[in-house]
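Inspection log for the structure reproduced underneath, given as structure tokens.
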Number of protein chains: 2
Amino acid sequence: MNDQSKSHLRHVYFLSNRTAITAETLGHSLLAQFPDTSFTSVTIPFVDSEAKAEKIVERIALSQQQTGLKPIVISTMADEKISAIIQRSEALIIDPFEKFLPDLESLLHAHSIHESGQSHRISNPSLYESRIAAIDFSMVHDDGSTTKQYDKADIIVIGVSRSGKTPTCLYLALQFGLKAANYPITEEDMESEQLPQTIRPFRKKLFGLTTNPERLAHIREERRPNSRYAKLEQCKFEIRAVEQMYQQYQIPYINTATMSIEEIATKVVQVSGLHRLNRPDISSLGAGLNPQ
Amino acid sequence: MNDQSKSHLRHVYFLSNRTAITAETLGHSLLAQFPDTSFTSVTIPFVDSEAKAEKIVERIALSQQQTGLKPIVISTMADEKISAIIQRSEALIIDPFEKFLPDLESLLHAHSIHESGQSHRISNPSLYESRIAAIDFSMVHDDGSTTKQYDKADIIVIGVSRSGKTPTCLYLALQFGLKAANYPITEEDMESEQLPQTIRPFRKKLFGLTTNPERLAHIREERRPNSRYAKLEQCKFEIRAVEQMYQQYQIPYINTATMSIEEIATKVVQVSGLHRLNRPDISSLGAGLNPQ
């Protein structure tokens, strides 16, 4: 999109004194409720001084002049002085701290610190380390490359080539702190109609992915054009075979064809009853509350 | 933490008809403002029927009875009927859709669809595919294992062993859709005081990580106890050497010692002026607005 066409779109600013991940995540959820409106956005993290905030307010005013459209600002500023500067802007300000902290303060009979939260890494180094350990584990145990430490895995994701195993496991490790191995089901396994010997002792940790043959063929075609591997017939055969295998061995599985990586990972955790990694200040009630 | 002690903590529920990632992200940011209060939480994704919502409301009421503390509910329900059921709960309800959508509707002269947003994978398959391509790229180009496609990299992260290269690159790929390679700086490189031959042609894509010798020694000690590799003297030498190298070749770098993975990745993107992946409904204003 060139600058010309961008000038007709409404500008959205995701601002924060930290990473702006909360502002972006919330903003995307809200704006997705207006699918017929196009936006153009910029994320500005680490707005940690009044001088930076002043410059941003000027920039927002300029963008309103240029577009003739009131910009939208989604801002999570812990520092009240910086927040007050942003609030001065003429834009529509969406500020969850301003809206929700007062109610929380009265419920908890406590003042919010109004400070940029400490990095988890400082407040709870072991949480950081366990997350790194999960990532290391998942990297080493990608695509069946080694199976030595399967006894230490939280979950072993299985499926045919290109069914989404690797991204799912990386997300499980990075976002949820889970040691997630993945193991490919090959044609040989399918022909024998047996669960591979290597993973059979870990049946309770197995989780299957499947997809639609058409999607699989499309994705494989991008990877190896005109190959037998990417042929629709081949994909149909493989998917039929793994699904039979999942059913025969009572392995829980989901069809990932229309799901994002976040949705696949969330579903895997939900179905398998695993715990997501929690923030240091929050312990977990456990999966027993799951309403399914 | 056992069930006994949990019963004295205030219960927090993260609810959504989708993944509940927005509810969790927002909730963690808000609760982090009360560092002296302990919470126990449960995340319930895919609350997509009125029956499920009714059951959750009952469960919340029960938890209030058991703890004697009003629970906190952070809920992002697109469906209004389901949302209304949750609102009936006696808990403190934090609902960003209810709070912010009316203002957005009047600004945009549009009704929000009040529907569970489509998965990105459906609304924009190429976005899904480019994200998968970034993950594939980053996996293949981890730890200097191959350097063939460095011309296609968005960024090449360098640093000594255990300075955070791999998690940073995976986050850049998974969350920001960037093709992020990483390359280790070895003792041999340090002794020669030269940037490795392999990465020299890509100097403009290089980004350095450094850390504190004490932290590095601690992390390495966990990995290889009592090794020369984990000795503080060795870590001091390596860090001094890479930092000199970064300065000599004018490679931007950051010290990751106190940063979370999210913070490192956000900082790398900001400093290097790269673009984060955007949602399909949002284009990007670009990094020119960066206030640094």
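Chains: A, B, ... in order of the structure tokens. Residues: from 1 per chain. Ligands: from 1, in order shown.
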Residues of chain B that approach chain A to 6 Å or less, counting only C-alpha atoms: could you list each one with the shortest pair of atoms and its distance in Å to one decimal, rows by chain and increasing residue number, as a tab-separated table?
```
residue	atom	partner	partner_atom	distance
B:Thr19	CA	A:Glu263	CA	5.8
B:Thr22	CA	A:Thr25	CA	5.7
B:Thr25	CA	A:Thr22	CA	5.7
B:Leu26	CA	A:Thr22	CA	5.8
B:Gln33	CA	A:Ser112	CA	4.9
B:Phe34	CA	A:Ser112	CA	5.3
B:Ser38	CA	A:Asp281	CA	6.0
B:Phe39	CA	A:Ile282	CA	4.9
B:Thr40	CA	A:Ser283	CA	4.5
B:Ser41	CA	A:Ser284	CA	4.9
B:Val42	CA	A:Leu285	CA	5.3
B:Ser112	CA	A:Gln33	CA	4.8
B:Ile113	CA	A:Gln33	CA	5.3
B:Arg121	CA	A:Ser260	CA	5.5
B:Ser260	CA	A:Arg121	CA	5.5
B:Glu263	CA	A:Thr19	CA	5.8
B:Thr266	CA	A:Thr19	CA	5.9
B:Asp281	CA	A:Ser38	CA	5.9
B:Ile282	CA	A:Phe39	CA	4.9
B:Ser283	CA	A:Thr40	CA	4.5
B:Ser284	CA	A:Ser41	CA	4.8
B:Leu285	CA	A:Val42	CA	5.3
```
Could you give the RMSD, in Å, left over when chain A is least-squares superposed onto chain B across all Cα atoms paired sequentially?
0.0 Å
Write out as a count of residues only the residues lying within 10 Å of stretch 241-254 of chain A, counting only C-alpha atoms and excluding same-chain residues fewer than 6 positions away.
29
Can you list, as a count of residues only, all residues belonging to stretch 77-169 of chain A that DSSP tags as strand (DSSP E or B)?
8
Compare A:Ile86, A:Ala61, A:Val140, A:Ala133 by their minimum atom-to-atom distance to A:Ser49, counting only C-alpha atoms, and give me the closest one.
A:Ile86
Just how far from atom CA of B:Thr256 is atom CA of B:Ser138, in Å to one decimal?
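Straight-line distance from atom CA of B:Ser138 to atom CA of B:Thr256 works out to 19.8 Å.
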When you draw a straight line from atom CA of B:Ala217 to atom CA of B:Lys231, how long is it in Å?
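Separation between atom CA of B:Ala217 and atom CA of B:Lys231: 6.0 Å.
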Can you check which residues of stretch 160-267 of chain A DSSP gives as alpha helix (DSSP H) on the backbone and send them as JSON, numbers by chain?
{"A": [165, 166, 167, 168, 169, 170, 171, 172, 173, 174, 175, 176, 187, 188, 189, 190, 191, 192, 213, 214, 215, 216, 217, 218, 219, 220, 221, 222, 223, 232, 233, 234, 235, 236, 237, 238, 239, 240, 241, 242, 243, 244, 245, 246, 247, 248, 261, 262, 263, 264, 265, 266, 267]}
